[in-house]
file entry-v2.pdb (PDB, C-alpha atoms, pLDDT in the B column)
MODEL        1
ATOM      1  CA  GLY A 248     -12.417   2.604  30.641  1.00 76.00           C
ATOM      2  CA  ARG A 249     -14.868   0.277  28.905  1.00 85.00           C
ATOM      3  CA  ALA A 250     -15.409   2.972  26.277  1.00 92.00           C
ATOM      4  CA  VAL A 251     -11.870   2.243  25.035  1.00 95.00           C
ATOM      5  CA  ALA A 252     -11.988  -0.413  22.320  1.00 93.00           C
ATOM      6  CA  VAL A 253     -10.796  -1.087  18.799  1.00 94.00           C
ATOM      7  CA  GLY A 254     -12.923   1.026  16.469  1.00 95.00           C
ATOM      8  CA  ALA A 255     -14.089   3.412  19.179  1.00 96.00           C
ATOM      9  CA  THR A 256     -13.075   7.068  19.002  1.00 98.00           C
ATOM     10  CA  THR A 257     -11.681   9.288  21.718  1.00 98.00           C
ATOM     11  CA  ASP A 258     -14.654  11.575  21.080  1.00 98.00           C
ATOM     12  CA  GLU A 259     -16.805   8.677  22.289  1.00 98.00           C
ATOM     13  CA  VAL A 260     -14.582   8.265  25.344  1.00 98.00           C
ATOM     14  CA  ASP A 261     -14.976  11.983  26.063  1.00 98.00           C
ATOM     15  CA  ALA A 262     -18.761  11.769  25.743  1.00 98.00           C
ATOM     16  CA  ALA A 263     -18.945   8.753  28.066  1.00 97.00           C
ATOM     17  CA  VAL A 264     -16.869  10.466  30.738  1.00 97.00           C
ATOM     18  CA  HIS A 265     -18.825  13.703  30.408  1.00 98.00           C
ATOM     19  CA  GLU A 266     -22.134  11.908  30.894  1.00 98.00           C
ATOM     20  CA  PHE A 267     -20.788   9.939  33.881  1.00 97.00           C
ATOM     21  CA  VAL A 268     -19.441  13.067  35.594  1.00 98.00           C
ATOM     22  CA  VAL A 269     -22.423  15.368  35.174  1.00 98.00           C
ATOM     23  CA  ALA A 270     -24.879  12.610  36.101  1.00 98.00           C
ATOM     24  CA  ARG A 271     -23.223  12.603  39.516  1.00 97.00           C
ATOM     25  CA  GLY A 272     -23.502  16.327  40.071  1.00 98.00           C
ATOM     26  CA  ALA A 273     -19.894  17.151  39.204  1.00 98.00           C
ATOM     27  CA  TYR A 274     -18.350  19.321  36.483  1.00 98.00           C
ATOM     28  CA  PRO A 275     -15.521  18.180  34.157  1.00 98.00           C
ATOM     29  CA  SER A 276     -12.778  20.639  35.089  1.00 98.00           C
ATOM     30  CA  PRO A 277     -10.995  20.681  31.697  1.00 98.00           C
ATOM     31  CA  LEU A 278     -14.117  21.813  29.819  1.00 98.00           C
ATOM     32  CA  GLY A 279     -13.557  25.486  29.047  1.00 97.00           C
ATOM     33  CA  TYR A 280     -10.261  25.627  30.954  1.00 97.00           C
ATOM     34  CA  MET A 281      -7.994  28.072  29.101  1.00 95.00           C
ATOM     35  CA  GLY A 282      -9.910  27.331  25.913  1.00 94.00           C
ATOM     36  CA  PHE A 283      -9.832  23.527  26.153  1.00 97.00           C
ATOM     37  CA  HIS A 284     -13.087  22.363  24.552  1.00 97.00           C
ATOM     38  CA  LYS A 285     -13.416  18.771  25.741  1.00 98.00           C
ATOM     39  CA  SER A 286     -14.205  17.171  29.092  1.00 98.00           C
ATOM     40  CA  VAL A 287     -11.150  14.897  29.220  1.00 98.00           C
ATOM     41  CA  SER A 288      -7.698  14.662  27.713  1.00 98.00           C
ATOM     42  CA  THR A 289      -6.881  11.556  25.672  1.00 98.00           C
ATOM     43  CA  SER A 290      -3.231  10.986  24.746  1.00 98.00           C
ATOM     44  CA  VAL A 291      -2.753   8.137  22.271  1.00 98.00           C
ATOM     45  CA  ASN A 292       0.559   6.354  21.606  1.00 98.00           C
ATOM     46  CA  ASP A 293       3.178   9.048  20.870  1.00 98.00           C
ATOM     47  CA  VAL A 294       1.111  11.869  22.388  1.00 98.00           C
ATOM     48  CA  ILE A 295       2.821  12.729  25.659  1.00 98.00           C
ATOM     49  CA  ALA A 296       0.071  14.831  27.196  1.00 98.00           C
ATOM     50  CA  HIS A 297      -3.012  17.013  26.651  1.00 98.00           C
ATOM     51  CA  GLY A 298      -4.342  15.168  23.617  1.00 98.00           C
ATOM     52  CA  ILE A 299      -7.717  16.493  22.482  1.00 98.00           C
ATOM     53  CA  PRO A 300     -10.399  13.854  21.821  1.00 98.00           C
ATOM     54  CA  ASP A 301     -11.306  13.479  18.137  1.00 98.00           C
ATOM     55  CA  ASP A 302     -13.003  11.183  15.638  1.00 98.00           C
ATOM     56  CA  ARG A 303     -10.063   8.909  14.794  1.00 97.00           C
ATOM     57  CA  ALA A 304     -10.918   5.273  15.434  1.00 98.00           C
ATOM     58  CA  LEU A 305      -8.637   3.477  17.872  1.00 97.00           C
ATOM     59  CA  GLU A 306      -6.631   0.653  16.333  1.00 97.00           C
ATOM     60  CA  ASP A 307      -5.623  -2.713  17.740  1.00 95.00           C
ATOM     61  CA  GLY A 308      -2.697  -2.245  20.110  1.00 96.00           C
ATOM     62  CA  ASP A 309      -3.148   1.486  20.671  1.00 97.00           C
ATOM     63  CA  ILE A 310      -2.277   2.614  24.191  1.00 98.00           C
ATOM     64  CA  LEU A 311      -3.800   5.788  25.553  1.00 98.00           C
ATOM     65  CA  ASN A 312      -3.946   7.865  28.679  1.00 98.00           C
ATOM     66  CA  VAL A 313      -7.324   9.221  29.733  1.00 98.00           C
ATOM     67  CA  ASP A 314      -6.921  12.183  32.083  1.00 98.00           C
ATOM     68  CA  VAL A 315     -10.021  13.069  34.114  1.00 98.00           C
ATOM     69  CA  THR A 316     -10.486  16.005  36.485  1.00 98.00           C
ATOM     70  CA  VAL A 317     -13.783  16.811  38.153  1.00 98.00           C
ATOM     71  CA  PHE A 318     -15.014  19.705  40.289  1.00 98.00           C
ATOM     72  CA  ILE A 319     -17.452  18.824  43.046  1.00 98.00           C
ATOM     73  CA  GLY A 320     -18.059  20.119  46.548  1.00 97.00           C
ATOM     74  CA  GLY A 321     -15.872  23.130  45.885  1.00 97.00           C
ATOM     75  CA  CYS A 322     -12.746  21.141  45.012  1.00 98.00           C
ATOM     76  CA  HIS A 323     -11.025  19.568  42.018  1.00 98.00           C
ATOM     77  CA  GLY A 324      -9.779  15.993  41.865  1.00 98.00           C
ATOM     78  CA  ASP A 325      -7.352  14.937  39.133  1.00 98.00           C
ATOM     79  CA  THR A 326      -6.521  11.399  38.011  1.00 98.00           C
ATOM     80  CA  SER A 327      -5.458   9.514  34.910  1.00 97.00           C
ATOM     81  CA  SER A 328      -4.861   5.967  33.760  1.00 97.00           C
ATOM     82  CA  MET A 329      -3.569   4.090  30.770  1.00 97.00           C
ATOM     83  CA  PHE A 330      -5.937   1.987  28.666  1.00 97.00           C
ATOM     84  CA  ILE A 331      -5.353  -0.428  25.802  1.00 96.00           C
ATOM     85  CA  ALA A 332      -7.416  -0.940  22.666  1.00 96.00           C
ATOM     86  CA  GLY A 333      -7.311  -4.608  21.757  1.00 93.00           C
ATOM     87  CA  THR A 334      -4.110  -6.574  22.256  1.00 92.00           C
ATOM     88  CA  PRO A 335      -1.012  -4.684  23.426  1.00 91.00           C
ATOM     89  CA  ASP A 336       2.489  -5.362  22.195  1.00 95.00           C
ATOM     90  CA  ASP A 337       4.940  -6.512  24.844  1.00 96.00           C
ATOM     91  CA  VAL A 338       6.923  -3.262  24.920  1.00 97.00           C
ATOM     92  CA  GLY A 339       3.862  -1.082  25.246  1.00 97.00           C
ATOM     93  CA  LEU A 340       2.407  -3.229  28.010  1.00 97.00           C
ATOM     94  CA  ALA A 341       5.697  -3.220  29.924  1.00 97.00           C
ATOM     95  CA  MET A 342       5.865   0.577  29.663  1.00 98.00           C
ATOM     96  CA  CYS A 343       2.337   0.955  31.009  1.00 97.00           C
ATOM     97  CA  ARG A 344       3.195  -1.309  33.924  1.00 97.00           C
ATOM     98  CA  ALA A 345       6.361   0.669  34.645  1.00 98.00           C
ATOM     99  CA  ALA A 346       4.460   3.959  34.568  1.00 98.00           C
ATOM    100  CA  ARG A 347       1.982   2.600  37.106  1.00 97.00           C
ATOM    101  CA  GLU A 348       4.822   1.339  39.302  1.00 98.00           C
ATOM    102  CA  ALA A 349       6.624   4.681  39.088  1.00 98.00           C
ATOM    103  CA  THR A 350       3.504   6.571  40.121  1.00 98.00           C
ATOM    104  CA  TRP A 351       3.011   4.375  43.173  1.00 97.00           C
ATOM    105  CA  ALA A 352       6.706   4.654  44.040  1.00 98.00           C
ATOM    106  CA  GLY A 353       6.268   8.420  44.092  1.00 98.00           C
ATOM    107  CA  ILE A 354       3.120   8.186  46.195  1.00 98.00           C
ATOM    108  CA  GLY A 355       4.783   5.766  48.587  1.00 98.00           C
ATOM    109  CA  ALA A 356       7.544   8.283  49.262  1.00 98.00           C
ATOM    110  CA  CYS A 357       5.078  10.921  50.476  1.00 98.00           C
ATOM    111  CA  GLY A 358       4.258  11.811  54.050  1.00 98.00           C
ATOM    112  CA  PRO A 359       4.477  14.640  56.592  1.00 98.00           C
ATOM    113  CA  GLY A 360       7.937  16.170  56.795  1.00 98.00           C
ATOM    114  CA  VAL A 361       9.147  14.601  53.528  1.00 98.00           C
ATOM    115  CA  ASP A 362      11.153  16.751  51.120  1.00 98.00           C
ATOM    116  CA  PHE A 363       9.325  16.993  47.787  1.00 98.00           C
ATOM    117  CA  ARG A 364      12.554  16.130  45.987  1.00 98.00           C
ATOM    118  CA  VAL A 365      12.358  12.564  47.271  1.00 98.00           C
ATOM    119  CA  VAL A 366       9.339  11.920  45.039  1.00 98.00           C
ATOM    120  CA  GLY A 367      11.258  12.544  41.821  1.00 98.00           C
ATOM    121  CA  SER A 368      14.172  10.371  42.889  1.00 98.00           C
ATOM    122  CA  LYS A 369      11.890   7.407  43.629  1.00 98.00           C
ATOM    123  CA  ILE A 370      10.057   7.785  40.320  1.00 98.00           C
ATOM    124  CA  GLU A 371      13.264   8.038  38.323  1.00 98.00           C
ATOM    125  CA  GLU A 372      14.638   4.883  39.930  1.00 98.00           C
ATOM    126  CA  VAL A 373      11.731   2.919  38.470  1.00 98.00           C
ATOM    127  CA  ALA A 374      11.998   4.589  35.070  1.00 98.00           C
ATOM    128  CA  ASP A 375      15.752   3.961  34.855  1.00 98.00           C
ATOM    129  CA  ALA A 376      15.328   0.300  35.733  1.00 98.00           C
ATOM    130  CA  ALA A 377      12.791  -0.042  32.921  1.00 98.00           C
ATOM    131  CA  GLY A 378      14.947   1.796  30.371  1.00 98.00           C
ATOM    132  CA  LEU A 379      12.488   4.667  30.111  1.00 98.00           C
ATOM    133  CA  LEU A 380      12.768   8.454  30.289  1.00 98.00           C
ATOM    134  CA  VAL A 381      10.749  10.544  32.716  1.00 98.00           C
ATOM    135  CA  CYS A 382       9.496  13.407  30.555  1.00 98.00           C
ATOM    136  CA  PRO A 383      10.813  16.582  32.204  1.00 96.00           C
ATOM    137  CA  ARG A 384       8.170  18.869  30.718  1.00 96.00           C
ATOM    138  CA  PHE A 385       5.177  17.789  32.803  1.00 97.00           C
ATOM    139  CA  ILE A 386       5.017  17.850  36.579  1.00 98.00           C
ATOM    140  CA  GLY A 387       2.614  17.230  39.422  1.00 98.00           C
ATOM    141  CA  HIS A 388       0.888  20.194  41.029  1.00 98.00           C
ATOM    142  CA  GLY A 389      -1.065  21.423  43.986  1.00 98.00           C
ATOM    143  CA  ILE A 390      -4.812  21.085  43.649  1.00 98.00           C
ATOM    144  CA  GLY A 391      -7.919  21.784  45.716  1.00 98.00           C
ATOM    145  CA  THR A 392     -10.259  24.724  45.341  1.00 98.00           C
ATOM    146  CA  TYR A 393      -7.924  25.611  42.444  1.00 97.00           C
ATOM    147  CA  PHE A 394      -7.125  23.350  39.463  1.00 97.00           C
ATOM    148  CA  HIS A 395      -3.369  23.973  39.264  1.00 97.00           C
ATOM    149  CA  GLY A 396      -1.091  25.672  41.784  1.00 97.00           C
ATOM    150  CA  ALA A 397       1.718  25.223  44.284  1.00 97.00           C
ATOM    151  CA  PRO A 398       3.490  23.052  45.134  1.00 97.00           C
ATOM    152  CA  SER A 399       5.243  21.855  41.985  1.00 98.00           C
ATOM    153  CA  VAL A 400       5.977  18.127  42.214  1.00 98.00           C
ATOM    154  CA  TRP A 401       8.905  17.301  39.949  1.00 98.00           C
ATOM    155  CA  PRO A 402       8.773  13.623  38.841  1.00 98.00           C
ATOM    156  CA  PHE A 403      12.528  13.195  38.323  1.00 98.00           C
ATOM    157  CA  ALA A 404      15.689  13.697  40.388  1.00 97.00           C
ATOM    158  CA  ASN A 405      16.071  17.442  40.915  1.00 97.00           C
ATOM    159  CA  ASP A 406      17.383  20.189  43.174  1.00 96.00           C
ATOM    160  CA  ASN A 407      14.229  22.298  43.179  1.00 97.00           C
ATOM    161  CA  ASP A 408      13.442  23.272  46.756  1.00 96.00           C
ATOM    162  CA  GLU A 409       9.660  23.059  47.209  1.00 96.00           C
ATOM    163  CA  GLY A 410       9.994  22.639  50.969  1.00 97.00           C
ATOM    164  CA  LEU A 411       8.546  19.842  53.085  1.00 98.00           C
ATOM    165  CA  MET A 412       5.182  18.123  52.855  1.00 98.00           C
ATOM    166  CA  LEU A 413       2.742  19.207  55.554  1.00 98.00           C
ATOM    167  CA  PRO A 414      -0.542  17.705  56.772  1.00 98.00           C
ATOM    168  CA  GLY A 415      -3.459  19.075  54.765  1.00 98.00           C
ATOM    169  CA  MET A 416      -1.525  19.505  51.518  1.00 98.00           C
ATOM    170  CA  THR A 417      -3.168  18.069  48.403  1.00 98.00           C
ATOM    171  CA  PHE A 418      -1.263  17.562  45.158  1.00 98.00           C
ATOM    172  CA  THR A 419      -0.853  15.209  42.224  1.00 98.00           C
ATOM    173  CA  ILE A 420       1.754  12.591  41.393  1.00 98.00           C
ATOM    174  CA  GLU A 421       1.765  12.110  37.604  1.00 98.00           C
ATOM    175  CA  PRO A 422       4.991  11.005  35.910  1.00 98.00           C
ATOM    176  CA  VAL A 423       5.050  10.519  32.143  1.00 98.00           C
ATOM    177  CA  LEU A 424       7.427   7.767  31.015  1.00 98.00           C
ATOM    178  CA  VAL A 425       8.671   7.665  27.404  1.00 98.00           C
ATOM    179  CA  GLU A 426      10.046   4.654  25.540  1.00 98.00           C
ATOM    180  CA  ASN A 427      13.587   4.509  24.122  1.00 97.00           C
ATOM    181  CA  ARG A 428      14.533   7.306  26.564  1.00 98.00           C
ATOM    182  CA  ASP A 429      13.279   9.625  23.836  1.00 98.00           C
ATOM    183  CA  ASP A 430      13.499  13.313  24.736  1.00 97.00           C
ATOM    184  CA  THR A 431      12.060  14.839  21.554  1.00 97.00           C
ATOM    185  CA  PHE A 432       9.078  17.129  21.931  1.00 96.00           C
ATOM    186  CA  HIS A 433       6.595  18.915  19.685  1.00 97.00           C
ATOM    187  CA  GLU A 434       3.625  21.102  20.583  1.00 97.00           C
ATOM    188  CA  TRP A 435       0.863  20.964  17.979  1.00 97.00           C
ATOM    189  CA  GLU A 436      -0.840  23.962  16.452  1.00 96.00           C
ATOM    190  CA  ASP A 437      -3.821  23.436  18.767  1.00 96.00           C
ATOM    191  CA  LYS A 438      -1.529  24.678  21.602  1.00 96.00           C
ATOM    192  CA  TRP A 439      -2.459  21.687  23.752  1.00 97.00           C
ATOM    193  CA  THR A 440      -1.350  18.397  22.222  1.00 98.00           C
ATOM    194  CA  CYS A 441       2.291  17.488  22.887  1.00 98.00           C
ATOM    195  CA  SER A 442       3.986  14.521  21.241  1.00 98.00           C
ATOM    196  CA  THR A 443       7.379  13.060  20.497  1.00 98.00           C
ATOM    197  CA  LEU A 444       8.974  13.685  17.104  1.00 98.00           C
ATOM    198  CA  THR A 445       9.962  10.060  16.572  1.00 98.00           C
ATOM    199  CA  ASN A 446       6.666   8.250  17.282  1.00 97.00           C
ATOM    200  CA  ALA A 447       8.113   7.052  20.583  1.00 98.00           C
ATOM    201  CA  ARG A 448       5.186   6.280  22.857  1.00 98.00           C
ATOM    202  CA  SER A 449       4.550   7.353  26.424  1.00 98.00           C
ATOM    203  CA  ALA A 450       2.570   6.152  29.429  1.00 98.00           C
ATOM    204  CA  GLN A 451       1.250   7.995  32.462  1.00 98.00           C
ATOM    205  CA  PHE A 452      -0.769   7.399  35.605  1.00 98.00           C
ATOM    206  CA  GLU A 453      -1.925  10.046  38.052  1.00 98.00           C
ATOM    207  CA  HIS A 454      -3.530  10.363  41.462  1.00 98.00           C
ATOM    208  CA  THR A 455      -4.460  13.251  43.735  1.00 98.00           C
ATOM    209  CA  ILE A 456      -3.154  12.654  47.249  1.00 98.00           C
ATOM    210  CA  LEU A 457      -3.594  14.196  50.688  1.00 98.00           C
ATOM    211  CA  ILE A 458      -0.833  14.445  53.274  1.00 98.00           C
ATOM    212  CA  THR A 459      -2.236  13.383  56.633  1.00 98.00           C
ATOM    213  CA  GLU A 460      -0.835  13.651  60.144  1.00 98.00           C
ATOM    214  CA  ASP A 461       0.713  10.207  59.891  1.00 97.00           C
ATOM    215  CA  GLY A 462       1.031   9.409  56.199  1.00 97.00           C
ATOM    216  CA  VAL A 463      -0.684   9.850  52.872  1.00 98.00           C
ATOM    217  CA  GLU A 464      -4.187   9.211  51.542  1.00 97.00           C
ATOM    218  CA  VAL A 465      -4.978   8.640  47.869  1.00 97.00           C
ATOM    219  CA  LEU A 466      -8.100  10.670  47.118  1.00 97.00           C
ATOM    220  CA  THR A 467      -8.692   9.421  43.571  1.00 96.00           C
ATOM    221  CA  GLY A 468      -8.498   5.678  44.077  1.00 80.00           C
ATOM    222  CA  PRO A 469      -8.971   2.886  43.634  1.00 78.00           C
ATOM    223  CA  SER A 470      -6.726   2.457  40.624  1.00 80.00           C
ATOM    224  CA  ILE A 471      -8.293   1.085  37.471  1.00 85.00           C
ATOM    225  CA  ASP A 472      -7.138  -2.389  36.392  1.00 90.00           C
ATOM    226  CA  PHE A 473      -6.308  -1.436  32.819  1.00 90.00           C
ATOM    227  CA  GLU A 474      -5.070  -4.928  31.986  1.00 89.00           C
ATOM    228  CA  ALA A 475      -8.320  -6.562  33.090  1.00 88.00           C
ATOM    229  CA  LEU A 476     -10.307  -4.095  30.985  1.00 86.00           C
ATOM    230  CA  ALA A 477      -8.166  -4.915  27.966  1.00 82.00           C
ATOM    231  CA  ALA A 478      -8.662  -8.622  28.619  1.00 83.00           C
ATOM    232  CA  GLU A 479     -12.426  -8.114  28.449  1.00 82.00           C
ATOM    233  CA  GLN A 480     -11.981  -7.143  24.791  1.00 73.00           C
ATOM    234  CA  ARG A 481      -9.760 -10.102  23.977  1.00 60.00           C
ATOM    235  CA  PRO A 482      -7.130 -12.124  25.879  1.00 50.00           C
ATOM    236  CA  LEU A 483      -3.703 -10.567  26.295  1.00 43.00           C
ATOM    237  CA  ARG A 484      -0.833 -12.328  24.581  1.00 41.00           C
ATOM    238  CA  ALA A 485       1.170 -14.665  26.774  1.00 38.00           C
TER
ENDMDL
END

call {"tool": "encode", "arguments": {"input": "entry-v2.pdb", "output": "structure tokens"}}
result
Amino acid sequence: GRAVAVGATTDEVDAAVHEFVVARGAYPSPLGYMGFHKSVSTSVNDVIAHGIPDDRALEDGDILNVDVTVFIGGCHGDTSSMFIAGTPDDVGLAMCRAAREATWAGIGACGPGVDFRVVGSKIEEVADAAGLLVCPRFIGHGIGTYFHGAPSVWPFANDNDEGLMLPGMTFTIEPVLVENRDDTFHEWEDKWTCSTLTNARSAQFEHTILITEDGVEVLTGPSIDFEALAAEQRPLRA
């Protein structure tokens, strides 16, 4: 997170994460996955998901999601957080806060015997209250010895029957919230980067969780205090 700063590039963020991961005996799961050639995904401002790190310098007020997955001990763990370069605008900061709240609302709904559809309803309640759209194109997923698999975890109200949560299941909760309830979508020629068509921004947080016999355990915590990291660069506006 401290690699995110005005004037830094997402290539530099990627390099910092790569060094951190491999120094601890893990492998960055995205590297080489279906042709992806970086160790993390960095989605800046209007990029909804799967942004590829590059050499563009971050500007004051940019918001970005850094999505990190590592493979260690035979299993993958997937998490992401928002970060801010410099001083955020009020709308962008509020969206990041809402995305974090929505993610935790989804996590809080989980437990043994819970219908997966409850997760999406809880997330959408938070998004609706904040005047934001839950992007319907990206969903949570099962994870473990495999990177992506069943169950699908839909982050919005839905009728998709994925069954009930059972002890031992591991999966991600990762809603993407978009400002202005914008539902436009464009996939770039790189076949990875997805953005809005209107420059509407998005925010996302993600955790990998485990269903236990009596509740839920977050495997990728603790959450990063993205606001405190931004404040280290310069104070947030009142």

call {"tool": "closest_residue", "arguments": {"input": "entry-v2.pdb", "among": "A:Ile370, A:Cys322, A:Val253, A:Ala397", "to": "A:Glu348", "atoms": "all atoms listed in the file"}}
result
A:Ile370

call {"tool": "resolve_selection", "arguments": {"input": "entry-v2.pdb", "expression": "the PyMOL selection byres ((chain A and resi 290-302) around 6)", "output": "list in words"}}
result
Thr256, Thr257, Asp258, Ser288, Thr289, Arg303, Ile310, Leu311, Asn312, Trp439, Thr440, Cys441, Ser442, Thr443, Asn446, Ala447, Arg448 and Ser449 of chain A

call {"tool": "atom_distance", "arguments": {"input": "entry-v2.pdb", "atom1": "atom CA of A:Asp261", "atom2": "atom CA of A:Glu436"}}
result
20.9 Å

call {"tool": "axis_aligned_box", "arguments": {"input": "entry-v2.pdb", "around": "stretch 455-467 of chain A", "padding_each_side": "3 Å", "output": "lines of an AutoDock Vina configuration file"}}
result
center_x = -3.8
center_y = 11.5
center_z = 51.9
size_x = 15.7
size_y = 11.8
size_z = 22.6

call {"tool": "residues_around", "arguments": {"input": "entry-v2.pdb", "residues": "A:Gly320", "least_positions_apart": "4", "cutoff": "10 Å", "atoms": "only C-alpha atoms", "output": "VMD selection string"}}
result
chain A and resid 272 to 273 392

call {"tool": "atom_distance", "arguments": {"input": "entry-v2.pdb", "atom1": "atom CA of A:His323", "atom2": "atom CA of A:Cys343"}}
result
25.4 Å

call {"tool": "atom_distance", "arguments": {"input": "entry-v2.pdb", "atom1": "atom CA of A:Leu457", "atom2": "atom CA of A:Pro359"}}
result
10.0 Å

call {"tool": "closest_residue", "arguments": {"input": "entry-v2.pdb", "among": "A:Phe473, A:Trp351, A:Phe452, A:Phe363", "to": "A:Asn405", "atoms": "only C-alpha atoms"}}
result
A:Phe363

call {"tool": "closest_residue", "arguments": {"input": "entry-v2.pdb", "among": "A:Asp307, A:Glu371, A:Val264, A:Ile319", "to": "A:Asp336", "atoms": "only C-alpha atoms"}}
result
A:Asp307

call {"tool": "resolve_selection", "arguments": {"input": "entry-v2.pdb", "expression": "the PyMOL selection byres ((chain A and resi 331) around 9)", "output": "list of chain:residue names"}}
result
A:Val251, A:Ala252, A:Val253, A:Asp307, A:Gly308, A:Asp309, A:Ile310, A:Leu311, A:Asn312, A:Met329, A:Phe330, A:Ala332, A:Gly333, A:Thr334, A:Pro335, A:Leu340, A:Phe473, A:Glu474, A:Leu476, A:Ala477

call {"tool": "resolve_selection", "arguments": {"input": "entry-v2.pdb", "expression": "the PyMOL selection byres ((chain A and resi 459) around 10)", "output": "ChimeraX atom specification"}}
result
/A:357-359,412-417,456-458,460-464

call {"tool": "closest_residue", "arguments": {"input": "entry-v2.pdb", "among": "A:Arg271, A:Arg428, A:His454, A:Lys285", "to": "A:Gly387", "atoms": "all atoms listed in the file"}}
result
A:His454

call {"tool": "closest_residue", "arguments": {"input": "entry-v2.pdb", "among": "A:Val269, A:Val381, A:Ala263, A:Ala404", "to": "A:Pro422", "atoms": "all atoms listed in the file"}}
result
A:Val381

call {"tool": "residues_near_point", "arguments": {"input": "entry-v2.pdb", "point": "(-13.6, 15.1, 34.6)", "cutoff": "12 Å", "atoms": "only C-alpha atoms", "output": "compact mmCIF listing (two decimals) with C-alpha atoms, keeping the file's coordinate frame"}}
result
# COMPACT_ATOMS: atom_id res chain seq x y z
CA VAL A 260 -14.58 8.26 25.34
CA ASP A 261 -14.98 11.98 26.06
CA ALA A 262 -18.76 11.77 25.74
CA ALA A 263 -18.94 8.75 28.07
CA VAL A 264 -16.87 10.47 30.74
CA HIS A 265 -18.82 13.70 30.41
CA GLU A 266 -22.13 11.91 30.89
CA PHE A 267 -20.79 9.94 33.88
CA VAL A 268 -19.44 13.07 35.59
CA VAL A 269 -22.42 15.37 35.17
CA ALA A 270 -24.88 12.61 36.10
CA ARG A 271 -23.22 12.60 39.52
CA GLY A 272 -23.50 16.33 40.07
CA ALA A 273 -19.89 17.15 39.20
CA TYR A 274 -18.35 19.32 36.48
CA PRO A 275 -15.52 18.18 34.16
CA SER A 276 -12.78 20.64 35.09
CA PRO A 277 -11.00 20.68 31.70
CA LEU A 278 -14.12 21.81 29.82
CA GLY A 279 -13.56 25.49 29.05
CA TYR A 280 -10.26 25.63 30.95
CA LYS A 285 -13.42 18.77 25.74
CA SER A 286 -14.20 17.17 29.09
CA VAL A 287 -11.15 14.90 29.22
CA SER A 288 -7.70 14.66 27.71
CA THR A 289 -6.88 11.56 25.67
CA VAL A 313 -7.32 9.22 29.73
CA ASP A 314 -6.92 12.18 32.08
CA VAL A 315 -10.02 13.07 34.11
CA THR A 316 -10.49 16.00 36.48
CA VAL A 317 -13.78 16.81 38.15
CA PHE A 318 -15.01 19.70 40.29
CA ILE A 319 -17.45 18.82 43.05
CA HIS A 323 -11.02 19.57 42.02
CA GLY A 324 -9.78 15.99 41.86
CA ASP A 325 -7.35 14.94 39.13
CA THR A 326 -6.52 11.40 38.01
CA SER A 327 -5.46 9.51 34.91
CA PHE A 394 -7.12 23.35 39.46
CA THR A 467 -8.69 9.42 43.57

call {"tool": "closest_residue", "arguments": {"input": "entry-v2.pdb", "among": "A:Ile354, A:Met281, A:Val465, A:Val338", "to": "A:Lys438", "atoms": "all atoms listed in the file"}}
result
A:Met281

call {"tool": "residues_around", "arguments": {"input": "entry-v2.pdb", "residues": "A:Asn427", "least_positions_apart": "5", "cutoff": "8 Å", "atoms": "only C-alpha atoms", "output": "list of chain:residue names"}}
result
A:Gly378, A:Leu379, A:Leu380, A:Ala447
